[in-house]
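**Q** The structure file entry_28.cif (mmCIF, C-alpha atoms) is provided below.
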```cif
data_structure
#
loop_
_atom_site.label_atom_id
_atom_site.label_comp_id
_atom_site.auth_asym_id
_atom_site.auth_seq_id
_atom_site.Cartn_x
_atom_site.Cartn_y
_atom_site.Cartn_z
CA MET J 1 12.46 -0.50 10.49
CA TYR J 2 14.28 2.69 9.57
CA THR J 3 17.74 4.22 9.33
CA ARG J 4 18.58 7.68 10.56
CA ILE J 5 21.00 9.45 8.22
CA PRO J 6 22.76 12.81 8.28
CA TYR J 7 21.00 15.48 6.25
CA GLU J 8 24.13 15.80 4.10
CA GLU J 9 23.55 12.23 2.88
CA LEU J 10 19.96 12.79 1.78
CA ALA J 11 20.98 13.65 -1.79
CA ALA J 12 22.66 10.24 -2.15
CA SER J 13 19.89 8.31 -0.39
CA PRO J 14 16.76 6.64 -1.80
CA LEU J 15 14.85 9.80 -0.81
CA ALA J 16 16.70 11.95 -3.32
CA LYS J 17 14.32 11.37 -6.21
CA CYS J 18 11.21 10.88 -4.12
CA THR J 19 8.51 13.53 -3.95
CA ASP J 20 7.58 15.41 -0.80
CA ILE J 21 3.98 14.26 -0.88
CA ALA J 22 3.06 16.31 2.21
CA SER J 23 4.04 19.61 0.59
CA SER J 24 1.40 22.30 0.25
CA ALA J 25 2.73 22.78 -3.31
CA LEU J 26 1.03 19.46 -4.15
CA GLY J 27 -2.21 20.54 -2.49
CA SER J 28 -1.60 18.89 0.88
CA THR J 29 -3.63 20.42 3.70
CA ILE J 30 -3.92 20.34 7.47
CA VAL J 31 -7.25 18.75 8.38
CA ALA J 32 -6.97 18.46 12.18
CA VAL J 33 -4.57 19.61 14.89
CA THR J 34 -4.68 19.50 18.68
CA ASP J 35 -2.99 22.83 19.33
CA GLU J 36 -1.18 25.59 17.43
CA PHE J 37 -1.04 28.32 20.05
CA PHE J 38 2.38 29.71 19.11
CA ALA J 39 2.57 28.93 15.40
CA PRO J 40 0.24 27.24 12.87
CA ALA J 41 0.71 23.73 11.58
CA THR J 42 0.43 24.95 7.98
CA ASN J 43 3.99 26.20 8.29
CA MET J 44 5.21 22.58 8.49
CA ILE J 45 4.14 21.80 4.93
CA ASN J 46 5.45 25.00 3.34
CA PRO J 47 7.84 23.91 0.56
CA ALA J 48 10.19 26.82 1.29
CA PRO J 49 12.93 26.43 3.91
CA PRO J 50 12.12 27.85 7.35
CA VAL J 51 12.99 31.47 8.08
CA HIS J 52 14.89 32.67 11.15
CA ALA J 53 13.61 35.96 12.57
CA PRO J 54 15.28 36.60 15.94
CA GLY J 55 13.71 39.45 17.88
CA LYS J 56 10.39 39.25 16.04
CA PHE J 57 7.43 38.87 18.39
CA VAL J 58 3.68 38.47 18.00
CA SER J 59 0.93 38.59 20.62
CA THR J 60 1.55 35.00 21.76
CA GLY J 61 5.34 35.29 21.96
CA ALA J 62 8.32 34.82 19.65
CA TRP J 63 7.43 34.41 15.98
CA MET J 64 8.47 30.97 14.77
CA ASP J 65 8.34 29.60 11.24
CA GLY J 66 6.97 26.18 12.05
CA TRP J 67 4.28 24.47 14.09
CA GLU J 68 4.56 25.20 17.80
CA THR J 69 2.19 24.15 20.58
CA LYS J 70 1.73 25.24 24.20
CA ARG J 71 3.88 23.86 27.01
CA HIS J 72 3.03 21.27 29.66
CA ASN J 73 1.02 18.76 27.60
CA GLN J 74 0.33 15.72 29.78
CA THR J 75 -0.06 13.46 26.74
CA TYR J 76 1.10 14.69 23.30
CA ASP J 77 0.00 16.90 20.41
CA TRP J 78 -0.72 15.67 16.91
CA CYS J 79 -1.51 16.97 13.46
CA ILE J 80 -3.27 15.21 10.56
CA ILE J 81 -2.20 16.07 7.01
CA LYS J 82 -4.24 15.14 3.96
CA LEU J 83 -1.72 14.35 1.25
CA GLY J 84 -2.17 16.21 -2.02
CA PHE J 85 -2.08 12.86 -3.80
CA ALA J 86 -2.24 9.34 -2.46
CA GLY J 87 1.19 7.78 -2.25
CA SER J 88 3.57 5.30 -0.70
CA ILE J 89 6.17 6.54 1.77
CA ARG J 90 9.92 5.93 1.84
CA GLY J 91 11.11 8.36 4.52
CA PHE J 92 10.86 11.65 6.40
CA ASP J 93 12.67 14.82 7.36
CA ILE J 94 11.37 16.19 10.66
CA ASP J 95 13.12 19.55 10.67
CA THR J 96 13.52 21.50 13.94
CA SER J 97 15.53 24.37 12.44
CA TYR J 98 15.65 27.48 14.69
CA PHE J 99 13.78 25.72 17.49
CA THR J 100 16.77 25.82 19.83
CA GLY J 101 15.15 24.93 23.13
CA ASN J 102 11.49 24.72 22.28
CA GLN J 103 11.54 21.93 19.72
CA ALA J 104 9.41 18.83 20.06
CA PRO J 105 11.82 16.48 21.89
CA ALA J 106 10.36 13.45 20.11
CA ALA J 107 7.94 12.52 17.35
CA SER J 108 6.33 9.55 15.65
CA VAL J 109 4.36 9.20 12.42
CA GLU J 110 1.25 7.23 11.53
CA ALA J 111 -0.56 6.90 8.21
CA ALA J 112 -4.02 5.92 6.99
CA PHE J 113 -5.83 5.28 3.72
CA CYS J 114 -9.03 7.32 3.70
CA PRO J 115 -9.99 8.10 0.08
CA CYS J 116 -13.35 9.46 1.27
CA GLY J 117 -11.47 12.10 3.26
CA ASN J 118 -13.09 11.29 6.61
CA THR J 119 -10.52 10.23 9.20
CA ASP J 120 -12.94 9.83 12.14
CA ASN J 121 -12.79 6.04 11.91
CA ALA J 122 -9.43 5.76 10.22
CA LYS J 123 -7.19 2.79 10.87
CA TRP J 124 -3.86 4.40 11.70
CA VAL J 125 -0.68 2.43 11.04
CA GLU J 126 2.61 3.40 12.66
CA VAL J 127 5.16 4.03 9.90
CA LEU J 128 7.85 5.71 12.04
CA PRO J 129 8.14 4.83 15.74
CA LYS J 130 9.00 7.40 18.39
CA VAL J 131 12.32 9.10 17.57
CA ASP J 132 14.32 11.75 19.39
CA LEU J 133 14.51 15.24 17.85
CA PRO J 134 17.55 17.36 18.74
CA PRO J 135 17.18 21.14 18.51
CA SER J 136 17.62 23.16 15.31
CA CYS J 137 18.50 20.45 12.82
CA HIS J 138 17.18 18.21 10.08
CA ASN J 139 16.19 14.73 11.24
CA VAL J 140 16.14 12.40 8.24
CA PHE J 141 14.77 8.87 8.43
CA VAL J 142 14.86 6.33 5.58
CA LEU J 143 12.41 3.47 5.88
CA GLU J 144 13.65 -0.03 5.14
CA LYS J 145 11.08 -0.41 2.37
CA GLN J 146 8.32 1.53 0.69
CA THR J 147 5.02 1.53 2.59
CA GLU J 148 1.55 0.77 1.34
CA VAL J 149 -0.41 3.59 -0.28
CA TYR J 150 -1.85 6.18 2.10
CA THR J 151 -3.89 9.37 1.80
CA HIS J 152 -3.24 10.89 5.25
CA VAL J 153 -0.39 11.09 7.74
CA ARG J 154 -0.46 12.01 11.42
CA ILE J 155 2.65 13.39 13.05
CA ASN J 156 2.73 13.09 16.82
CA ASN J 157 4.51 15.92 18.63
CA ILE J 158 5.68 14.29 21.87
CA PRO J 159 4.75 15.82 24.23
CA ASP J 160 4.67 19.38 22.81
CA GLY J 161 6.87 22.04 21.22
CA GLY J 162 7.92 23.04 17.73
CA ILE J 163 8.61 21.44 14.36
CA ALA J 164 9.75 23.75 11.57
CA ARG J 165 9.10 21.55 8.53
CA PHE J 166 7.78 18.04 7.97
CA ARG J 167 8.77 16.36 4.70
CA VAL J 168 7.18 13.06 3.70
CA TYR J 169 9.25 11.51 0.92
CA GLY J 170 7.43 9.01 -1.25
CA GLN J 171 5.94 8.18 -4.62
CA VAL J 172 2.59 9.43 -5.86
CA GLN J 173 0.30 6.54 -6.78
CA PRO J 174 -2.02 8.00 -9.41
CA ILE J 175 -5.63 7.02 -9.82
CA PHE J 176 -6.16 6.97 -13.58
CA PRO J 177 -9.49 7.08 -15.44
CA ASP J 178 -10.76 3.68 -16.55
CA ASP J 179 -10.75 4.91 -20.15
CA LYS J 180 -7.17 4.73 -21.41
CA SER J 181 -8.10 7.05 -24.27
CA THR J 182 -8.54 9.97 -21.86
CA VAL J 183 -6.03 12.73 -22.63
CA LEU J 184 -3.84 13.39 -19.56
CA ASP J 185 -0.74 15.34 -18.66
CA LEU J 186 1.55 12.33 -18.36
CA ALA J 187 4.34 14.43 -16.80
CA PHE J 188 2.16 15.86 -14.00
CA VAL J 189 3.22 14.88 -10.50
CA GLY J 190 -0.40 14.01 -9.67
CA ASN J 191 -0.33 11.45 -12.48
CA GLY J 192 2.90 9.94 -11.21
CA GLY J 193 5.38 11.98 -13.24
CA ARG J 194 8.80 12.49 -11.62
CA SER J 195 12.04 14.24 -12.43
CA VAL J 196 14.67 11.50 -12.22
CA TYR J 197 17.73 13.35 -13.49
CA CYS J 198 18.80 16.97 -13.81
CA SER J 199 22.07 18.50 -14.95
CA ASN J 200 21.79 21.62 -12.78
CA GLU J 201 19.46 22.79 -10.03
CA HIS J 202 21.47 25.76 -8.76
CA TYR J 203 18.47 27.91 -7.86
CA THR J 204 15.41 25.66 -7.83
CA PRO J 205 14.71 21.95 -8.49
CA SER J 206 13.49 20.46 -11.75
CA SER J 207 10.72 18.66 -9.84
CA ASN J 208 8.93 22.03 -9.75
CA LEU J 209 8.25 21.65 -13.48
CA LEU J 210 5.64 19.00 -12.70
CA LEU J 211 3.72 20.72 -9.90
CA PRO J 212 0.04 21.71 -9.98
CA GLY J 213 -0.97 25.19 -11.08
CA ARG J 214 1.27 27.92 -12.45
CA GLY J 215 3.00 28.97 -9.24
CA GLN J 216 3.44 32.38 -7.68
CA ASN J 217 6.96 33.43 -8.67
CA MET J 218 10.27 32.19 -10.08
CA GLY J 219 10.85 30.19 -6.92
CA ASP J 220 8.13 27.79 -8.07
CA GLY J 221 9.93 26.72 -11.25
CA TRP J 222 13.25 25.24 -12.39
CA GLU J 223 16.14 27.66 -12.72
CA THR J 224 19.80 26.90 -13.45
CA LYS J 225 22.94 28.96 -13.05
CA ARG J 226 24.34 30.96 -15.96
CA SER J 227 26.66 29.09 -18.29
CA ARG J 228 29.57 30.68 -20.15
CA THR J 229 30.47 27.48 -22.04
CA PRO J 230 29.72 27.51 -25.78
CA GLY J 231 27.21 24.84 -26.76
CA HIS J 232 26.00 24.31 -23.20
CA LYS J 233 22.51 23.13 -22.33
CA ASP J 234 20.80 22.04 -19.13
CA VAL J 235 18.51 19.01 -19.15
CA ALA J 236 15.86 17.46 -16.95
CA ILE J 237 14.71 13.88 -17.53
CA ILE J 238 11.10 13.21 -16.61
CA LYS J 239 9.79 9.73 -15.98
CA LEU J 240 6.19 9.76 -17.17
CA GLY J 241 3.46 8.60 -14.84
CA ALA J 242 2.51 5.97 -17.42
CA LYS J 243 3.88 4.81 -20.74
CA GLY J 244 2.00 6.55 -23.48
CA HIS J 245 1.67 8.54 -26.69
CA LEU J 246 2.74 12.20 -26.39
CA LEU J 247 0.58 14.58 -28.41
CA LYS J 248 1.11 18.17 -27.26
CA ALA J 249 3.59 20.01 -25.03
CA GLU J 250 2.93 23.14 -23.00
CA ILE J 251 6.03 25.05 -21.90
CA ASP J 252 5.28 27.67 -19.27
CA THR J 253 7.82 30.48 -18.69
CA SER J 254 5.63 32.57 -16.39
CA HIS J 255 7.59 34.94 -14.13
CA TYR J 256 10.78 34.27 -16.10
CA LYS J 257 10.96 37.69 -17.70
CA GLY J 258 14.71 38.12 -18.19
CA ASN J 259 16.04 34.64 -17.63
CA TYR J 260 13.86 32.40 -19.79
CA PRO J 261 15.77 29.96 -22.06
CA ASN J 262 17.05 31.15 -25.41
CA LYS J 263 15.74 27.90 -26.90
CA ILE J 264 14.27 24.61 -25.72
CA THR J 265 14.19 21.05 -27.02
CA LEU J 266 12.18 17.96 -26.12
CA GLU J 267 13.10 14.32 -26.70
CA ALA J 268 11.56 11.05 -25.55
CA THR J 269 12.54 7.42 -25.16
CA SER J 270 11.24 4.15 -23.81
CA SER J 271 13.22 2.47 -21.04
CA GLU J 272 12.63 0.07 -18.19
CA GLN J 273 15.22 1.88 -16.09
CA GLU J 274 14.50 4.65 -13.58
CA VAL J 275 16.98 6.82 -15.48
CA PRO J 276 17.39 5.71 -19.10
CA GLU J 277 20.68 3.98 -19.83
CA ASP J 278 23.44 5.82 -21.71
CA THR J 279 22.66 3.74 -24.79
CA ALA J 280 18.99 4.77 -24.86
CA VAL J 281 17.78 6.06 -28.23
CA TRP J 282 16.04 9.41 -27.92
CA THR J 283 13.42 10.57 -30.42
CA SER J 284 13.27 14.30 -31.12
CA LEU J 285 9.83 15.78 -30.45
CA ILE J 286 10.72 19.49 -30.42
CA GLU J 287 13.73 20.68 -32.41
CA PRO J 288 15.55 23.73 -30.97
CA SER J 289 12.76 26.29 -30.67
CA SER J 290 12.44 29.74 -29.21
CA VAL J 291 10.20 30.61 -26.30
CA GLY J 292 9.70 34.00 -24.75
CA ALA J 293 9.22 35.65 -21.41
CA HIS J 294 6.32 35.08 -19.03
CA GLY J 295 4.00 33.08 -21.26
CA LEU J 296 2.59 29.74 -22.41
CA TYR J 297 4.10 28.09 -25.48
CA TYR J 298 2.45 25.12 -27.22
CA PHE J 299 3.94 22.52 -29.53
CA ASP J 300 2.10 19.79 -31.42
CA LEU J 301 4.35 16.76 -31.25
CA PRO J 302 5.38 14.32 -34.00
CA HIS J 303 5.71 10.54 -33.69
CA THR J 304 2.32 10.20 -32.03
CA ASP J 305 2.26 6.54 -33.10
CA LYS J 306 5.13 5.75 -30.70
CA THR J 307 4.91 5.21 -26.97
CA PHE J 308 7.40 6.58 -24.46
CA THR J 309 8.27 6.23 -20.78
CA HIS J 310 10.61 9.20 -20.37
CA ALA J 311 10.99 12.72 -21.73
CA LYS J 312 14.11 14.89 -21.79
CA PHE J 313 13.50 18.63 -21.57
CA ALA J 314 16.46 20.85 -22.39
CA ILE J 315 16.96 24.59 -21.94
CA ILE J 316 19.61 26.19 -24.14
CA PRO J 317 21.99 27.36 -22.86
CA ASP J 318 20.49 27.88 -19.38
CA GLY J 319 17.76 29.84 -17.59
CA GLY J 320 14.43 28.86 -16.15
CA ALA J 321 10.97 27.47 -16.87
CA LYS J 322 7.92 27.20 -14.67
CA ARG J 323 6.09 24.09 -15.90
CA VAL J 324 6.27 21.37 -18.55
CA ARG J 325 2.98 19.72 -19.47
CA LEU J 326 3.05 16.68 -21.76
CA PHE J 327 -0.45 15.81 -22.88
CA GLY J 328 -1.07 12.35 -24.25
CA VAL J 329 -2.89 9.05 -23.83
CA ARG J 330 -1.70 5.94 -22.07
CA GLU J 331 -0.50 2.93 -24.00
CA GLY J 332 -3.50 0.95 -25.22
CA GLY J 333 -5.70 4.02 -25.58
CA LYS J 334 -7.15 5.34 -28.82
CA LEU J 335 -5.58 8.49 -30.21
CA PRO J 336 -7.96 11.44 -30.48
CA ALA J 337 -8.32 13.63 -33.56
CA LEU J 338 -5.10 15.62 -33.97
CA PRO J 339 -4.03 18.22 -33.18
CA ILE J 340 -5.67 18.21 -29.77
CA PRO J 341 -6.92 21.62 -28.57
CA LYS J 342 -4.94 23.76 -26.16
CA PRO J 343 -6.00 23.42 -22.54
CA ASN J 344 -7.99 26.26 -21.06
CA THR J 345 -5.21 27.56 -18.83
CA GLU J 346 -5.88 30.78 -16.93
CA LYS J 347 -3.39 33.54 -17.70
CA PHE J 348 -1.81 36.09 -15.42
CA PRO J 349 -3.08 39.67 -15.77
CA ASP J 350 0.26 40.91 -17.18
CA GLU J 351 0.81 37.91 -19.45
CA VAL J 352 1.02 39.01 -23.08
CA ASN J 353 3.45 36.48 -24.57
CA GLY J 354 2.86 32.93 -25.73
CA ASN J 355 1.39 31.25 -28.77
#
```
The structure given in the file should be rewritten as structure tokens.

**A**
Amino acid sequence: MYTRIPYEELAASPLAKCTDIASSALGSTIVAVTDEFFAPATNMINPAPPVHAPGKFVSTGAWMDGWETKRHNQTYDWCIIKLGFAGSIRGFDIDTSYFTGNQAPAASVEAAFCPCGNTDNAKWVEVLPKVDLPPSCHNVFVLEKQTEVYTHVRINNIPDGGIARFRVYGQVQPIFPDDKSTVLDLAFVGNGGRSVYCSNEHYTPSSNLLLPGRGQNMGDGWETKRSRTPGHKDVAIIKLGAKGHLLKAEIDTSHYKGNYPNKITLEATSSEQEVPEDTAVWTSLIEPSSVGAHGLYYFDLPHTDKTFTHAKFAIIPDGGAKRVRLFGVREGGKLPALPIPKPNTEKFPDEVNGN
């Protein structure tokens, strides 16, 4: 069962704080596709919005920023996506933007759990039945309940045509090491970390802070609008992938060369709520501290004896940051010798700042 909602209602729906687990930013990949004559299926999982380029042509015809197959399919086309991380699914956006008469008129979605990666003998389960797709619009579907955990999805393009973007909204289900003493980035999206509240996402979302890698440009981080209010700060609350002890923070400002924060702070709390209640008591882990442009900044954290479920990252008064890594061990694990070493993170060729 599902409900179709207007795109304008997505921000207030259960999908709002889900993760697009089919995004290439999470490492999702196309593993099989029946046809991509006009435009490749990789476009569907691009995290950036589709681009309209009227009058632009390539050898096969009009250039389209999406997946587009040949005409006259007697059955239907399909595409299999390996999710960057295994997860459960809550809904979809099958976006046909700028496909004005060549969109796929209908689609359905199936999913499978194939941790070995081989889908030849996969047991596919229908998670979204056949739905109509009008031209050039978002088509948002909220499932009645969260699905089981899957590693792959198959979108069926019925019978053929174009889909600009395919968003699979869900929750990453991390596979943790058996040893709870293993040091992990507890904020990392691949370990189940999620941004559950943000004061401002004018340019880019706070969920970018938790993505793999270091990104390619400022569009891969979190950036807020400029504030002219004295004492202002912007905050992002991160629900950790598991309750644990926080030992070291890595704040990455790469590509933020003139709009990095003046200062940052970090606090943490323990709460059973998705977003901690207003009465939650926050423990300061990083007092107001300076960071610089285009670099990695490390902080050894106090209160390592305590366990936390959420972290609150603040930028003062505004600006941008690329990533927040919160290294620690899960509750029940043994603390390592402190301070733990810095991770061996590869730097950009022009990166000279950091500590």

**Q** If we count all atoms listed in the file, what is near segment 229-241 of chain J at a cut-off of 7 Å, once residues fewer than 5 positions away on the same chain are taken out, given as a PDB file with C-alpha atoms, in the coordinates of the input?

**A**
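That gives us part_15.pdb:
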```pdb
ATOM      1  CA  LEU J 186       1.550  12.330 -18.360  1.00  0.00           C
ATOM      2  CA  ALA J 187       4.340  14.430 -16.800  1.00  0.00           C
ATOM      3  CA  ASN J 191      -0.330  11.450 -12.480  1.00  0.00           C
ATOM      4  CA  GLY J 192       2.900   9.940 -11.210  1.00  0.00           C
ATOM      5  CA  GLY J 193       5.380  11.980 -13.240  1.00  0.00           C
ATOM      6  CA  ARG J 194       8.800  12.490 -11.620  1.00  0.00           C
ATOM      7  CA  SER J 195      12.040  14.240 -12.430  1.00  0.00           C
ATOM      8  CA  VAL J 196      14.670  11.500 -12.220  1.00  0.00           C
ATOM      9  CA  TYR J 197      17.730  13.350 -13.490  1.00  0.00           C
ATOM     10  CA  CYS J 198      18.800  16.970 -13.810  1.00  0.00           C
ATOM     11  CA  SER J 199      22.070  18.500 -14.950  1.00  0.00           C
ATOM     12  CA  ASN J 200      21.790  21.620 -12.780  1.00  0.00           C
ATOM     13  CA  SER J 206      13.490  20.460 -11.750  1.00  0.00           C
ATOM     14  CA  THR J 309       8.270   6.230 -20.780  1.00  0.00           C
ATOM     15  CA  HIS J 310      10.610   9.200 -20.370  1.00  0.00           C
ATOM     16  CA  ALA J 311      10.990  12.720 -21.730  1.00  0.00           C
ATOM     17  CA  LYS J 312      14.110  14.890 -21.790  1.00  0.00           C
ATOM     18  CA  PHE J 313      13.500  18.630 -21.570  1.00  0.00           C
ATOM     19  CA  ALA J 314      16.460  20.850 -22.390  1.00  0.00           C
ATOM     20  CA  ILE J 315      16.960  24.590 -21.940  1.00  0.00           C
ATOM     21  CA  ILE J 316      19.610  26.190 -24.140  1.00  0.00           C
ATOM     22  CA  PRO J 317      21.990  27.360 -22.860  1.00  0.00           C
ATOM     23  CA  ASP J 318      20.490  27.880 -19.380  1.00  0.00           C
TER      24      ASP J 318
END
```

**Q** Going by the chain IDs and residue numbers used in this file, which residues fall under the PyMOL selection byres ((chain J and resi 110) around 12)? Write them as a PyMOL selection string.

**A** chain J and resi 78-81+89+92+107-109+111-113+122-130+147+150-157+168

**Q** Using all atoms listed in the file, which residue out of J:Tyr2, J:Tyr76, J:Trp63, J:Phe166 lies closest to Ser24 of chain J?

**A** J:Phe166

**Q** Step by step: start from the point (11.4, 32.3, -13.9) in the file's coordinates, keep every protein, DNA or RNA residue that has an atom no farther than 12 Å from it, count only C-alpha atoms, and write the set as a ChimeraX atom specification.

**A** /J:203-204,208-209,214-224,252-261,292-295,318-323

**Q** Go through the shown structure with the PyMOL selection byres ((chain J and resi 75) around 9) and write out the matching residues as a list of chain:residue names.

**A**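 Output of the PyMOL selection byres ((chain J and resi 75) around 9): J:His72, J:Asn73, J:Gln74, J:Tyr76, J:Asp77, J:Ile158, J:Pro159, J:Asp160.
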
**Q** For Pro105 of chain J, please output as an MDAnalysis selection string all residues within 7 Å (counting all atoms listed in the file; exclusion window: fewer than 4 positions along the same chain).

**A** chainID J and resid 132:134 158

**Q** Which residues match the PyMOL selection byres ((chain J and resi 251) around 6) in the file above, as an mmCIF file with C-alpha atoms, keeping the file's coordinate frame?

**A**
```cif
data_model
loop_
_atom_site.group_PDB
_atom_site.id
_atom_site.type_symbol
_atom_site.label_atom_id
_atom_site.label_comp_id
_atom_site.auth_asym_id
_atom_site.auth_seq_id
_atom_site.Cartn_x
_atom_site.Cartn_y
_atom_site.Cartn_z
ATOM 1 C CA GLU J 250 2.930 23.140 -23.000
ATOM 2 C CA ASP J 252 5.280 27.670 -19.270
ATOM 3 C CA LEU J 296 2.590 29.740 -22.410
ATOM 4 C CA TYR J 297 4.100 28.090 -25.480
ATOM 5 C CA VAL J 324 6.270 21.370 -18.550
#
```

**Q** So how many Å separate atom CA of Ile94 of chain J and atom CA of Asn139 of chain J, to one decimal?

**A** 5.1 Å

**Q** Could you work out how far atom CA of Leu211 of chain J lies from atom CA of Phe308 of chain J, giving the answer in Å with one decimal?

**A**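 Going from atom CA of Phe308 of chain J over to atom CA of Leu211 of chain J, I get 20.6 Å.
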
**Q** Put the listed atoms of segment 91-101 of chain J in a box along x, y and z with 6 Å added on every side and give me the centre and edge lengths in Å to one decimal, as JSON.

**A**
```
{"center_x": 13.8, "center_y": 17.9, "center_z": 13.8, "size_x": 17.9, "size_y": 31.1, "size_z": 30.6}
```

**Q** Can you measure atom CA of Val183 of chain J to atom CA of Asp305 of chain J for me? One decimal in Å is fine.

**A**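 According to the coordinates, atom CA of Val183 of chain J and atom CA of Asp305 of chain J are separated by 14.7 Å.
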
**Q** Rank nothing, just name the residue among J:Asn121, J:Thr283, J:Thr69, J:Gln103 nearest to Phe38 of chain J, using only C-alpha atoms.

**A**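 Once distances to Phe38 of chain J are computed over only C-alpha atoms, the minimum belongs to J:Thr69.
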
**Q** In terms of the shortest atom-to-atom distance over only C-alpha atoms, which of J:Ser59, J:Asn43, J:Asn102, J:Gln146 is closest to Cys18 of chain J?

**A**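 Among J:Ser59, J:Asn43, J:Asn102, J:Gln146, it is J:Gln146 that comes nearest to Cys18 of chain J.
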
**Q** Find the residues around Gly328 of chain J up to 12 Å (only C-alpha atoms counted), leave out those fewer than 5 positions away in its own chain, and share them as JSON, numbers by chain.

**A** {"J": [180, 181, 182, 183, 184, 185, 186, 187, 188, 191, 240, 241, 242, 243, 244, 245, 246, 247, 248, 249, 250, 300, 301, 302, 303, 304, 305, 306, 307, 308, 309, 333, 334, 335, 336, 337, 338, 339, 340, 341]}

**Q** Keeping only C-alpha atoms, write the selected residues as a PDB file, keeping the file's coordinate frame.

**A**
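Writing done, so here's selection_5.pdb:
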```
ATOM      1  CA  LYS J 180      -7.170   4.730 -21.410  1.00  0.00           C
ATOM      2  CA  SER J 181      -8.100   7.050 -24.270  1.00  0.00           C
ATOM      3  CA  THR J 182      -8.540   9.970 -21.860  1.00  0.00           C
ATOM      4  CA  VAL J 183      -6.030  12.730 -22.630  1.00  0.00           C
ATOM      5  CA  LEU J 184      -3.840  13.390 -19.560  1.00  0.00           C
ATOM      6  CA  ASP J 185      -0.740  15.340 -18.660  1.00  0.00           C
ATOM      7  CA  LEU J 186       1.550  12.330 -18.360  1.00  0.00           C
ATOM      8  CA  ALA J 187       4.340  14.430 -16.800  1.00  0.00           C
ATOM      9  CA  PHE J 188       2.160  15.860 -14.000  1.00  0.00           C
ATOM     10  CA  ASN J 191      -0.330  11.450 -12.480  1.00  0.00           C
ATOM     11  CA  LEU J 240       6.190   9.760 -17.170  1.00  0.00           C
ATOM     12  CA  GLY J 241       3.460   8.600 -14.840  1.00  0.00           C
ATOM     13  CA  ALA J 242       2.510   5.970 -17.420  1.00  0.00           C
ATOM     14  CA  LYS J 243       3.880   4.810 -20.740  1.00  0.00           C
ATOM     15  CA  GLY J 244       2.000   6.550 -23.480  1.00  0.00           C
ATOM     16  CA  HIS J 245       1.670   8.540 -26.690  1.00  0.00           C
ATOM     17  CA  LEU J 246       2.740  12.200 -26.390  1.00  0.00           C
ATOM     18  CA  LEU J 247       0.580  14.580 -28.410  1.00  0.00           C
ATOM     19  CA  LYS J 248       1.110  18.170 -27.260  1.00  0.00           C
ATOM     20  CA  ALA J 249       3.590  20.010 -25.030  1.00  0.00           C
ATOM     21  CA  GLU J 250       2.930  23.140 -23.000  1.00  0.00           C
ATOM     22  CA  ASP J 300       2.100  19.790 -31.420  1.00  0.00           C
ATOM     23  CA  LEU J 301       4.350  16.760 -31.250  1.00  0.00           C
ATOM     24  CA  PRO J 302       5.380  14.320 -34.000  1.00  0.00           C
ATOM     25  CA  HIS J 303       5.710  10.540 -33.690  1.00  0.00           C
ATOM     26  CA  THR J 304       2.320  10.200 -32.030  1.00  0.00           C
ATOM     27  CA  ASP J 305       2.260   6.540 -33.100  1.00  0.00           C
ATOM     28  CA  LYS J 306       5.130   5.750 -30.700  1.00  0.00           C
ATOM     29  CA  THR J 307       4.910   5.210 -26.970  1.00  0.00           C
ATOM     30  CA  PHE J 308       7.400   6.580 -24.460  1.00  0.00           C
ATOM     31  CA  THR J 309       8.270   6.230 -20.780  1.00  0.00           C
ATOM     32  CA  GLY J 333      -5.700   4.020 -25.580  1.00  0.00           C
ATOM     33  CA  LYS J 334      -7.150   5.340 -28.820  1.00  0.00           C
ATOM     34  CA  LEU J 335      -5.580   8.490 -30.210  1.00  0.00           C
ATOM     35  CA  PRO J 336      -7.960  11.440 -30.480  1.00  0.00           C
ATOM     36  CA  ALA J 337      -8.320  13.630 -33.560  1.00  0.00           C
ATOM     37  CA  LEU J 338      -5.100  15.620 -33.970  1.00  0.00           C
ATOM     38  CA  PRO J 339      -4.030  18.220 -33.180  1.00  0.00           C
ATOM     39  CA  ILE J 340      -5.670  18.210 -29.770  1.00  0.00           C
ATOM     40  CA  PRO J 341      -6.920  21.620 -28.570  1.00  0.00           C
TER      41      PRO J 341
END
```

**Q** Taking 5 positions as the minimum chain separation for residues in the same chain, which residues sit within 7 Å of Val149 of chain J when counting only C-alpha atoms? Answer as a list in words.

**A**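 Result of the neighbour search: Ala86, Gly87, Ser88 and Phe113 of chain J.
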
**Q** Write the residues you've just listed into a file as a PDB file, keeping the file's coordinate frame, and include C-alpha atoms for each of them.

**A**
```pdb
ATOM      1  CA  ALA J  86      -2.240   9.340  -2.460  1.00  0.00           C
ATOM      2  CA  GLY J  87       1.190   7.780  -2.250  1.00  0.00           C
ATOM      3  CA  SER J  88       3.570   5.300  -0.700  1.00  0.00           C
ATOM      4  CA  PHE J 113      -5.830   5.280   3.720  1.00  0.00           C
TER       5      PHE J 113
END
```

**Q** So, counting only C-alpha atoms, which residue among J:Lys17, J:Arg226, J:Lys145, J:Lys82 is closest to Cys114 of chain J?

**A**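 That would be J:Lys82, the residue with the smallest distance to Cys114 of chain J.
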
**Q** Using only C-alpha atoms, which of J:Glu201, J:Glu277, J:Asp65, J:Glu272 sits nearest Ala41 of chain J?

**A**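 Closest to Ala41 of chain J of all the choices is J:Asp65.
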
**Q** What lies within 6 Å of segment 162-165 of chain J using only C-alpha atoms, ignoring chain neighbours under 3 positions off, as a PyMOL selection string?

**A** chain J and resi 44+66-68+95-97+103-104

**Q** Would you mind exporting C-alpha atoms of the selected residues as a compact mmCIF listing (two decimals), keeping the file's coordinate frame?

**A**
```txt
# COMPACT_ATOMS: atom_id res chain seq x y z
CA MET J 44 5.21 22.58 8.49
CA GLY J 66 6.97 26.18 12.05
CA TRP J 67 4.28 24.47 14.09
CA GLU J 68 4.56 25.20 17.80
CA ASP J 95 13.12 19.55 10.67
CA THR J 96 13.52 21.50 13.94
CA SER J 97 15.53 24.37 12.44
CA GLN J 103 11.54 21.93 19.72
CA ALA J 104 9.41 18.83 20.06
```
